[in-house]
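Please read the structure below before turning to the comments.
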Amino acid sequence: MILAPTKLPQVFLCRCLGPLALYVTLGVLAIAATPAASFAEVQPPAGRTCAGATTTTRGPAGTAEETKIEAGENAPQSGCWEDVQPYPFSSGGGPVEPSSHVSCGIVGETCYLTVVSMAFRAWNRGLALTDEVGGEDPYPVWRFNGTRWFPESTFPGTKTCPGEKIVWAGKLDFWVVGGAKLCRFDGATLEWDTLGIPAATMERLRGDPGAEEDLSKGKIITSAACLSWNDCWFFGRFGTVVHWNGEEEKLSDASPDRLLSSLQGEYTAALAREGPAGELFGAAVAATSENGEGGVLNTEGAPPPQLFYASGTEAFSPLAFTPFTKPLTDDPDDPYGTDLVAVDFDSAGQGWVAGNPAGLRLGASDAEGTPRDPEERRPQPESQPQYSPLEPVSSSGAATACKGTPESRFAYTPFPETTEQPPEEPGAFLWSSIAVVPTLNEALAGGKLWPATNKRSEDDGEPGIARASCDGTTSVTRFRIPDATPPGGSEPADAHGTVSAIVANASNDAWASTTPGAAEQPPHLYRLTNGQEPNAPEGNDNEPERPLPKQEEETPTSGEEPPPPLPTVEAPATVIQTKAVTLPPAIYDVKAKLHTSKRHGKVYLSLYVTFKLRRSVTIGAQALRKGRVVSEARPRHFVGRSGTLILNLNRQHWPTKVSFIT
């Protein structure tokens with residue numbers, strides 16, 4: 001349960017996460033493996049040329065310098081954003097083709113998929129969650145293996161697992177959250193499971209009109225932080241906190257008592273990280289209201305808590321931090337002025353947060369990134385600039401070793417033509433996501449910006465990325481595409497759109513996605529690069545072997561025939577190295593045993609193939625029936641003395657043979 005005093009600020013942290021996971025297809029038994037060919041896997045590596053962009057850099061004193069980069073320039077040593085082409089995500093399951101449409105309106109046509117969330121645990125281990133504009137997304141979950149993006153074929157579909165956030169959990173598992181149910185991918189068994197919101201959580205929210213409306217829409221959980229594969233925290237609206245400890249179908253409510261009114265705000269983002277010595281921590285941020293559309297919190301005049309932190313097995317608790325804030329009204333005791341919407345930390349426990357004026361959001365699945373700005377939350381007077389800060393934080397709250405940006409550097413002003421006190425940085429900014437650049441303690445913030453003009457409207461925005469450093473230097477990048485009017489001119493890439501997600505894996509490696517723009521402009525995926533390999537170690541899948549789930553032996557029910565005999569398991573071949581030295585197989589003492597499990601009243605059959613190891617190996621298995629693959633355990637890297645591969649079986653397609661694969 002989250003414990004917090006009544007009077008404290010807005011961000012949540014926790015020392016609990018370890019590196020997270022993906023599958024890598026390496027060679028087994030000293031033989032290099034060749035990836036299986038498919039449309040999604042023949043994508044060429046991303047180029048190393050720059051996207052067209054204009055970057056405005058401001059020093060600590062506010063002096064500005066503008067730099068223009070033409071599309072196609074080679075990446076300089078200082079780095080630039082490349083436009084990843086071909087765009088990797090399409091409804092066809094691979095990179096888009098010339099005939100692809102920006103949005104899908106006709107059944108069967110291939111269209112672009114918009115990225116709404118990304119998660120990386122290493123530069124070569126990434127996840128993306130996509131959303132199809134105008135239809136049902138056939139491939140919502142995608143993986144990155146260091147070379148290419150490809151869809152996760154096991155995903156059960158958005159009708160079963162809707163969501164807007166994707167989160168790593170350990171090295172093999174991940175979650176899709178943001179819908180009526182929480183969906184977990186078990187990387188050990190390659191199975192998906194859906195878990196409903198706990199009854200205690202539902203009961204806690206009943207009787208509150210705003211909460212019940214969100215419940216009816218399935219919009220309660222907004223973010224998650226997984227400290228390990230079996231220790232995940234889920235945060236949502238109205239102070240909702242839910243925990244999962246590794247037991248199937250057992251989510252537990254960890255929300256604060258509704259009487260603690262200062263803790264009933266809307267959680268907007270969360271994360272989990274691993275420190276340099278393996279220590280785990282996590283964070284989450286919250287807004288100053290029950291949701292983006294209102295809901296006053298009783299805080300006795302003090303700002304509501306917005307930043308929380310936890311380390312090890314400790315519970316999340318508030319940190320002493322208050323973001324740059326301007327009251328919405330002339331009332332000096334008005335606590336509402338800045339909602340924290342994004343947070344990120346590096347492994348050293350140094351981080352940054354991003355905030356928007358109270359009540360303003362950029363929707364993750366909104367193709368145009370339209371902010372929510374209810375009339376009752378407009379500033380008074382309406383011309384008053386509101387802060388949209390980028391600020392450094394630490395594991396103790398406010399950052400002491402990082403000064404960061406001036407409070408007026410980034411702001412949002414609804415009506416600039418009547419502004420009495422213009423912000424230092426011209427224009428207006430709303431943020432959607434933030435990423436800390438490893439080893440540099442600099443922030444990359446993505447969102448939507450509006451140019452400085454007296455005729456600006458809410459439809460004039462465009463995607464923008466800001467970079468902020470501890471000495472107060474900032475840069476703002478706007479992406480450009482050629483515009484024939486006037487000749488040689490340029491216009492915004494994805495005008496009216498926004499940056500939907502941003503991540504940073506190394507000082508020279510980061511990713512940013514944008515939503516589609518006006519006039520059928522397609523979404524974009526940008527990658528920060530200096531033309532060199534990422535300056536960070538590769539991720540791996542070496543997760544400690546977890547306990548096997550509780551199983552029960554198969555006992556046929558009345559009238560049900562027992563399963564056929566177990567298939568034969570072919571032993572791996574002896575490997576001969578190039579020096580003509582014959583080595584024994586890397587695995588031996590291979591055994592197969594049938595297990596059953598029950599979930600939701602249904603019986604599942606699994607074949608557990610166990611073996612002992614002579615040396616580390618990357619290996620998988622296929623179950624075959626008449627030469628056709630009926631089940632597969634993807635290759636995994638094993639170290640230690642033993643390993644286990646699990647094949648899910650079907651009575652109607654019972655295998656006759658099991659073969660090992662690399």
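Naming scheme: A, B, ... for chains in displayed order of the structure tokens; residues 1 onward per chain; ligands 1 onward as shown.
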With a distance cut-off of 8 Å and only C-alpha atoms, select the neighbouring residues of range 494-499 of chain A, excluding the residue or stretch itself and same-chain residues fewer than 6 positions from it, and output the selection as number ranges by chain. A: 362, 367-369, 432-433, 446-448, 459-465, 512-518, 521-523
Expected file contents, prior selection, N, CA and C atoms, as a PDB file, in the first residue's frame:
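Just written: selection_18.pdb:
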ATOM      1  N   LEU A 362      -2.003  15.190 -23.643  1.00  0.00           N
ATOM      2  CA  LEU A 362      -1.876  14.754 -25.019  1.00  0.00           C
ATOM      3  C   LEU A 362      -2.239  13.281 -25.051  1.00  0.00           C
ATOM      4  N   ALA A 367      -4.820  10.664 -32.724  1.00  0.00           N
ATOM      5  CA  ALA A 367      -3.969  10.867 -33.896  1.00  0.00           C
ATOM      6  C   ALA A 367      -3.506  12.305 -34.030  1.00  0.00           C
ATOM      7  N   GLU A 368      -4.281  13.262 -33.547  1.00  0.00           N
ATOM      8  CA  GLU A 368      -3.893  14.654 -33.668  1.00  0.00           C
ATOM      9  C   GLU A 368      -3.380  15.222 -32.355  1.00  0.00           C
ATOM     10  N   GLY A 369      -3.352  14.424 -31.310  1.00  0.00           N
ATOM     11  CA  GLY A 369      -2.800  14.886 -30.043  1.00  0.00           C
ATOM     12  C   GLY A 369      -3.542  16.076 -29.467  1.00  0.00           C
ATOM     13  N   SER A 432       4.246  14.737 -23.679  1.00  0.00           N
ATOM     14  CA  SER A 432       3.616  13.425 -23.593  1.00  0.00           C
ATOM     15  C   SER A 432       4.532  12.384 -22.963  1.00  0.00           C
ATOM     16  N   SER A 433       5.858  12.563 -23.101  1.00  0.00           N
ATOM     17  CA  SER A 433       6.794  11.535 -22.651  1.00  0.00           C
ATOM     18  C   SER A 433       8.163  12.152 -22.427  1.00  0.00           C
ATOM     19  N   GLY A 446       9.319  14.572 -25.397  1.00  0.00           N
ATOM     20  CA  GLY A 446       8.534  14.604 -26.619  1.00  0.00           C
ATOM     21  C   GLY A 446       7.138  15.103 -26.355  1.00  0.00           C
ATOM     22  N   GLY A 447       6.554  15.751 -27.340  1.00  0.00           N
ATOM     23  CA  GLY A 447       5.196  16.238 -27.203  1.00  0.00           C
ATOM     24  C   GLY A 447       4.760  17.022 -28.412  1.00  0.00           C
ATOM     25  N   LYS A 448       4.067  18.107 -28.147  1.00  0.00           N
ATOM     26  CA  LYS A 448       3.505  18.945 -29.203  1.00  0.00           C
ATOM     27  C   LYS A 448       3.851  20.389 -28.911  1.00  0.00           C
ATOM     28  N   ASP A 459      -5.156  23.865 -33.582  1.00  0.00           N
ATOM     29  CA  ASP A 459      -4.870  22.962 -34.701  1.00  0.00           C
ATOM     30  C   ASP A 459      -3.521  23.222 -35.350  1.00  0.00           C
ATOM     31  N   ASP A 460      -2.766  24.220 -34.854  1.00  0.00           N
ATOM     32  CA  ASP A 460      -1.513  24.591 -35.502  1.00  0.00           C
ATOM     33  C   ASP A 460      -0.301  23.848 -34.951  1.00  0.00           C
ATOM     34  N   GLY A 461      -0.509  22.979 -33.997  1.00  0.00           N
ATOM     35  CA  GLY A 461       0.627  22.333 -33.360  1.00  0.00           C
ATOM     36  C   GLY A 461       1.333  21.348 -34.265  1.00  0.00           C
ATOM     37  N   GLU A 462       2.513  20.925 -33.824  1.00  0.00           N
ATOM     38  CA  GLU A 462       3.319  19.949 -34.561  1.00  0.00           C
ATOM     39  C   GLU A 462       4.186  19.184 -33.575  1.00  0.00           C
ATOM     40  N   PRO A 463       4.698  17.998 -33.971  1.00  0.00           N
ATOM     41  CA  PRO A 463       5.565  17.245 -33.063  1.00  0.00           C
ATOM     42  C   PRO A 463       6.850  18.015 -32.766  1.00  0.00           C
ATOM     43  N   GLY A 464       7.326  17.905 -31.531  1.00  0.00           N
ATOM     44  CA  GLY A 464       8.574  18.551 -31.143  1.00  0.00           C
ATOM     45  C   GLY A 464       9.303  17.748 -30.086  1.00  0.00           C
ATOM     46  N   ILE A 465      10.636  17.833 -30.116  1.00  0.00           N
ATOM     47  CA  ILE A 465      11.475  17.155 -29.125  1.00  0.00           C
ATOM     48  C   ILE A 465      12.400  18.185 -28.502  1.00  0.00           C
ATOM     49  N   ALA A 512      11.948   8.008 -31.150  1.00  0.00           N
ATOM     50  CA  ALA A 512      10.770   8.850 -30.958  1.00  0.00           C
ATOM     51  C   ALA A 512       9.763   8.521 -32.047  1.00  0.00           C
ATOM     52  N   SER A 513       8.494   8.411 -31.679  1.00  0.00           N
ATOM     53  CA  SER A 513       7.427   8.127 -32.640  1.00  0.00           C
ATOM     54  C   SER A 513       6.474   9.308 -32.689  1.00  0.00           C
ATOM     55  N   THR A 514       5.866   9.537 -33.852  1.00  0.00           N
ATOM     56  CA  THR A 514       4.901  10.621 -34.001  1.00  0.00           C
ATOM     57  C   THR A 514       3.591  10.076 -34.552  1.00  0.00           C
ATOM     58  N   THR A 515       2.514  10.809 -34.302  1.00  0.00           N
ATOM     59  CA  THR A 515       1.205  10.452 -34.826  1.00  0.00           C
ATOM     60  C   THR A 515       1.050  10.997 -36.242  1.00  0.00           C
ATOM     61  N   PRO A 516       0.070  10.512 -36.995  1.00  0.00           N
ATOM     62  CA  PRO A 516      -0.143  11.045 -38.348  1.00  0.00           C
ATOM     63  C   PRO A 516      -0.460  12.541 -38.303  1.00  0.00           C
ATOM     64  N   GLY A 517      -0.207  13.215 -39.431  1.00  0.00           N
ATOM     65  CA  GLY A 517      -0.444  14.640 -39.508  1.00  0.00           C
ATOM     66  C   GLY A 517      -1.558  14.993 -40.463  1.00  0.00           C
ATOM     67  N   ALA A 518      -1.709  16.277 -40.705  1.00  0.00           N
ATOM     68  CA  ALA A 518      -2.741  16.758 -41.604  1.00  0.00           C
ATOM     69  C   ALA A 518      -2.433  16.348 -43.034  1.00  0.00           C
ATOM     70  N   GLN A 521      -0.615  12.964 -43.900  1.00  0.00           N
ATOM     71  CA  GLN A 521       0.798  12.732 -43.607  1.00  0.00           C
ATOM     72  C   GLN A 521       0.916  11.492 -42.729  1.00  0.00           C
ATOM     73  N   PRO A 522       1.789  10.543 -43.076  1.00  0.00           N
ATOM     74  CA  PRO A 522       1.887   9.304 -42.297  1.00  0.00           C
ATOM     75  C   PRO A 522       2.634   9.522 -40.983  1.00  0.00           C
ATOM     76  N   PRO A 523       2.466   8.620 -40.026  1.00  0.00           N
ATOM     77  CA  PRO A 523       3.270   8.696 -38.799  1.00  0.00           C
ATOM     78  C   PRO A 523       4.734   8.443 -39.124  1.00  0.00           C
TER      79      PRO A 523
END
Need the shell around Ala287 in chain A: protein/DNA/RNA residues with any atom at most 6 Å away, counting only C-alpha atoms. Skip same-chain ones fewer than 2 positions apart. Format as a CSV table (one decimal) with C-alpha atoms, in the first residue's frame?
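Result saved to result-v8.csv:
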chain,number,residue,atom,x,y,z
A,265,GLY,CA,-5.2,12.0,-7.9
A,266,GLU,CA,-4.6,10.6,-11.3
A,289,SER,CA,-6.7,16.2,-9.7
A,339,ASP,CA,0.3,18.3,-13.7
A,340,LEU,CA,3.3,16.0,-13.9
Residues near Asn441 in chain A, anyone? I mean within 8 Å using only C-alpha atoms, not counting same-chain ones fewer than 2 positions away, as a list of chain:residue names. A:Asp346, A:Gln350, A:Gly351, A:Val436, A:Val437, A:Pro438, A:Thr439, A:Ala443, A:Ser469, A:Cys470
Residues within 6 Å of Phe144 in chain A, only C-alpha atoms, excluding chain neighbours under 4 positions, as a PyMOL selection string: chain A and resi 125-126+148-149
Selected residue of minimal separation from Ala468 in chain A among A:Ile587, A:His524, A:Trp352, A:Gly337, counting only C-alpha atoms: A:Trp352
If you run DSSP on the backbone here, which positions in range 122-181 of chain A get strand (DSSP E or B)? Please write them as number ranges by chain. A: 122, 125-132, 141-144, 149-151, 163-169, 173-178, 181
Those residues with C-alpha atoms, as a CSV table (one decimal), in the first residue's frame please?
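Result went into selection12.csv, see below:
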chain,number,residue,atom,x,y,z
A,122,ALA,CA,18.6,-2.4,-23.7
A,125,ARG,CA,15.7,-5.3,-26.7
A,126,GLY,CA,12.6,-3.2,-27.5
A,127,LEU,CA,8.8,-3.3,-27.5
A,128,ALA,CA,6.3,-1.1,-29.3
A,129,LEU,CA,2.5,-0.9,-29.0
A,130,THR,CA,0.7,0.3,-32.1
A,131,ASP,CA,-2.8,1.5,-32.9
A,132,GLU,CA,-4.5,1.4,-36.3
A,141,VAL,CA,2.7,-5.7,-30.3
A,142,TRP,CA,6.1,-5.4,-31.9
A,143,ARG,CA,9.6,-6.4,-30.9
A,144,PHE,CA,13.0,-5.0,-31.8
A,149,TRP,CA,11.1,-4.7,-35.8
A,150,PHE,CA,8.7,-7.6,-36.1
A,151,PRO,CA,5.3,-8.4,-34.7
A,163,GLY,CA,-4.3,-1.1,-23.9
A,164,GLU,CA,-2.2,2.0,-24.4
A,165,LYS,CA,1.0,1.2,-22.5
A,166,ILE,CA,3.5,-1.6,-22.9
A,167,VAL,CA,5.9,-2.4,-20.0
A,168,TRP,CA,8.7,-4.9,-19.6
A,169,ALA,CA,8.7,-7.2,-16.6
A,173,ASP,CA,7.7,-11.0,-19.7
A,174,PHE,CA,5.8,-7.9,-20.5
A,175,TRP,CA,2.4,-6.4,-19.9
A,176,VAL,CA,-0.1,-4.4,-22.0
A,177,VAL,CA,-2.2,-2.1,-19.7
A,178,GLY,CA,-4.6,0.7,-20.1
A,181,LYS,CA,-8.1,-5.8,-18.2
Excluding Leu113 in chain A and its own-chain neighbours fewer than 6 positions away, which residues fall within 9 Å of it when counting only C-alpha atoms? Please give them as a PDB file with C-alpha atoms, in the first residue's frame.
ATOM      1  CA  PRO A  88       8.490  -0.572 -39.811  1.00  0.00           C
ATOM      2  CA  PHE A  89       4.868  -0.907 -38.655  1.00  0.00           C
ATOM      3  CA  SER A  90       2.058  -1.782 -41.068  1.00  0.00           C
ATOM      4  CA  SER A  91      -1.155  -3.778 -40.924  1.00  0.00           C
ATOM      5  CA  VAL A 102      -2.092   6.382 -43.821  1.00  0.00           C
ATOM      6  CA  SER A 103      -5.322   5.097 -42.264  1.00  0.00           C
ATOM      7  CA  THR A 130       0.696   0.330 -32.074  1.00  0.00           C
ATOM      8  CA  ASP A 131      -2.794   1.535 -32.922  1.00  0.00           C
ATOM      9  CA  GLU A 132      -4.487   1.366 -36.304  1.00  0.00           C
ATOM     10  CA  VAL A 133      -6.352   4.509 -37.298  1.00  0.00           C
ATOM     11  CA  ASP A 137      -5.032  -3.371 -35.384  1.00  0.00           C
ATOM     12  CA  TYR A 139      -0.405  -6.513 -35.135  1.00  0.00           C
ATOM     13  CA  PRO A 140      -0.472  -4.306 -32.019  1.00  0.00           C
ATOM     14  CA  PRO A 523       3.270   8.696 -38.799  1.00  0.00           C
TER      15      PRO A 523
END
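Candidate residues A:Thr154, A:Ser99, A:Ser659, A:Asn542 were compared for distance to Val639 in chain A, and the nearest is A:Asn542, using only C-alpha atoms.
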Nearest residue to Gly278 in chain A out of A:Ala342, A:Lys219, A:Ser347, A:Gly489, using only C-alpha atoms? A:Ser347
Give me, as a PyMOL selection string, all polymer residues having an atom no more than 9 Å from Ser395 in chain A, counting only C-alpha atoms and skipping those fewer than 5 positions away in the same chain. chain A and resi 13-14+281+283+309-310+319+345+349-351
How about saving the chosen residues, N, CA and C atoms kept, as a CSV table (one decimal), in the first residue's frame?
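File written: part_1.csv
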chain,number,residue,atom,x,y,z
A,13,LEU,N,8.5,6.9,-7.3
A,13,LEU,CA,9.7,6.1,-7.6
A,13,LEU,C,9.8,4.8,-6.9
A,14,CYS,N,10.5,3.8,-7.4
A,14,CYS,CA,10.7,2.6,-6.6
A,14,CYS,C,12.0,1.8,-7.0
A,281,PHE,N,14.8,0.1,-8.3
A,281,PHE,CA,14.0,1.2,-7.8
A,281,PHE,C,13.0,1.5,-8.9
A,283,ALA,N,9.5,4.6,-10.1
A,283,ALA,CA,9.0,5.9,-9.9
A,283,ALA,C,7.6,6.0,-10.6
A,309,TYR,N,8.5,7.5,-4.5
A,309,TYR,CA,9.7,6.7,-4.7
A,309,TYR,C,9.7,5.4,-3.8
A,310,ALA,N,10.3,4.3,-4.3
A,310,ALA,CA,10.4,3.1,-3.5
A,310,ALA,C,11.7,2.4,-3.8
A,319,LEU,N,7.9,11.9,-2.3
A,319,LEU,CA,9.2,12.7,-2.2
A,319,LEU,C,8.8,14.2,-2.1
A,345,PHE,N,14.3,8.0,-15.1
A,345,PHE,CA,15.5,8.0,-14.3
A,345,PHE,C,16.6,7.2,-15.0
A,349,GLY,N,20.0,6.9,-10.4
A,349,GLY,CA,19.0,7.5,-9.5
A,349,GLY,C,18.8,9.0,-9.8
A,350,GLN,N,19.3,9.5,-10.9
A,350,GLN,CA,19.1,10.8,-11.3
A,350,GLN,C,18.0,10.9,-12.5
A,351,GLY,N,17.1,11.8,-12.4
A,351,GLY,CA,16.0,11.8,-13.4
A,351,GLY,C,15.5,13.1,-13.7
Would you mind telling me which residue in A:Ala180, A:Leu613, A:Ala200, A:Leu525 lies nearest to Tyr87 in chain A when using only C-alpha atoms?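 So, comparing all the options, the nearest one is A:Leu525.
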